[in-house]
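Quick notes on the structure that follows.
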Amino acid sequence: MEYLEGDIIYVQSDISSLIDHMGIVVFIDGAKYIYHNTPDRFNEFGGSICLDSLSTWLTNRKIVKIVHSGIDSYKIRSISYQLRKEKYHFLLFNCEHYIEYIVRGVRSSRQLFNWFVFLALGTMVVKAP
């Protein structure tokens, strides 16, 4: 498959098939890499934004979907550098918060919102008489 600069790749999370992990493709000196925010590793600045070769990152991962953002590598790299010391936080700075900040300039997580709605509705159903 041909990946484009700025493609957001959603893959099935290692934690659960109900959760997606995501990263964004950048080109550096003609090679394809992916930036992503992960709780499992730290970069050289102590933050959790990591840069991996695209082929390595995709190894043993199931692609859920790909969305072309139209964002160029320079912008992705610049924002990633600004956030280089930020640490992963499930509620405040997960992989989706990171991608949404690059794409829209706002930290948000639709998956997290959906989980809260699901849990709230589930709680209401359980507590219903």
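Simple scheme: letters A, B, ... for chains in structure tokens order, numbers from 1 for residues in each chain, numbers from 1 for ligands in the order shown.
Taking only C-alpha atoms, the non-local environment of A:Ser55 within 10 Å (same-chain residues fewer than 6 positions away omitted) comprises A:Lys32, A:Tyr33, A:Ile34.
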Practice problem: Just list the residues in stretch 55-115 of chain A DSSP gives strand (DSSP E) on the backbone, as number ranges by chain. | Solution: A: 63-68
Quiz item: Skipping near chain neighbours, those fewer than 4 positions away, what residues fall within 12 Å of A:Ile102 using only C-alpha atoms, listed as a PyMOL selection string?
Solution: chain A and resi 6-8+23-25+35-37+69-83+95-98+106-108
Quiz item: Do you know which residues are at most 10 Å from A:Lys62 counting only C-alpha atoms, after dropping those on the same chain fewer than 3 positions away, and could you put them as a list of chain:residue names?
Solution: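 Neighbouring residues, sequence-local ones excluded: A:Tyr10, A:Val11, A:Gln12, A:Ser13, A:Asp14, A:Ser17, A:Asp20, A:Leu58, A:Thr59, A:Lys65.
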Take the residues that were just selected and, keeping C-alpha atoms, output them as a PDB file, in the first residue's frame.
```
ATOM      1  CA  TYR A  10      -5.565   3.885  12.754  1.00  0.00           C
ATOM      2  CA  VAL A  11      -4.531   0.452  13.993  1.00  0.00           C
ATOM      3  CA  GLN A  12      -6.106  -1.940  16.430  1.00  0.00           C
ATOM      4  CA  SER A  13      -4.735  -1.302  19.907  1.00  0.00           C
ATOM      5  CA  ASP A  14      -2.697  -3.917  21.736  1.00  0.00           C
ATOM      6  CA  SER A  17      -9.873  -4.562  19.671  1.00  0.00           C
ATOM      7  CA  ASP A  20      -7.687   2.278  18.078  1.00  0.00           C
ATOM      8  CA  LEU A  58       3.090  -1.447  11.131  1.00  0.00           C
ATOM      9  CA  THR A  59       4.662  -4.829  11.889  1.00  0.00           C
ATOM     10  CA  LYS A  65      -8.531   2.811   8.570  1.00  0.00           C
TER      11      LYS A  65
END
```
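Atom CA of A:Asn43 lies 8.2 Å from atom CA of A:Lys85.
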Quiz item: If you measure from atom CA of A:Leu91 to atom CA of A:Ile19, what distance in Å do you get, rounded to one decimal?
Solution: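 Distance between the two atoms: 13.9 Å.
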Self-check item: Using only C-alpha atoms: which of A:Ala31, A:Met22, A:Ile63, A:Ile99 has the shortest distance to A:Leu4
Solution: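 Closest candidate: A:Ala31.
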Self-check item: alpha helix (DSSP H) positions in chain A, given as an MDAnalysis selection string
Solution: chainID A and resid 54:58 73:82 95:104 110:127
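Minimum distance to A:Glu5 across A:Val26, A:Leu92, A:Val67, A:Leu51 (counting only C-alpha atoms) occurs at A:Val26.
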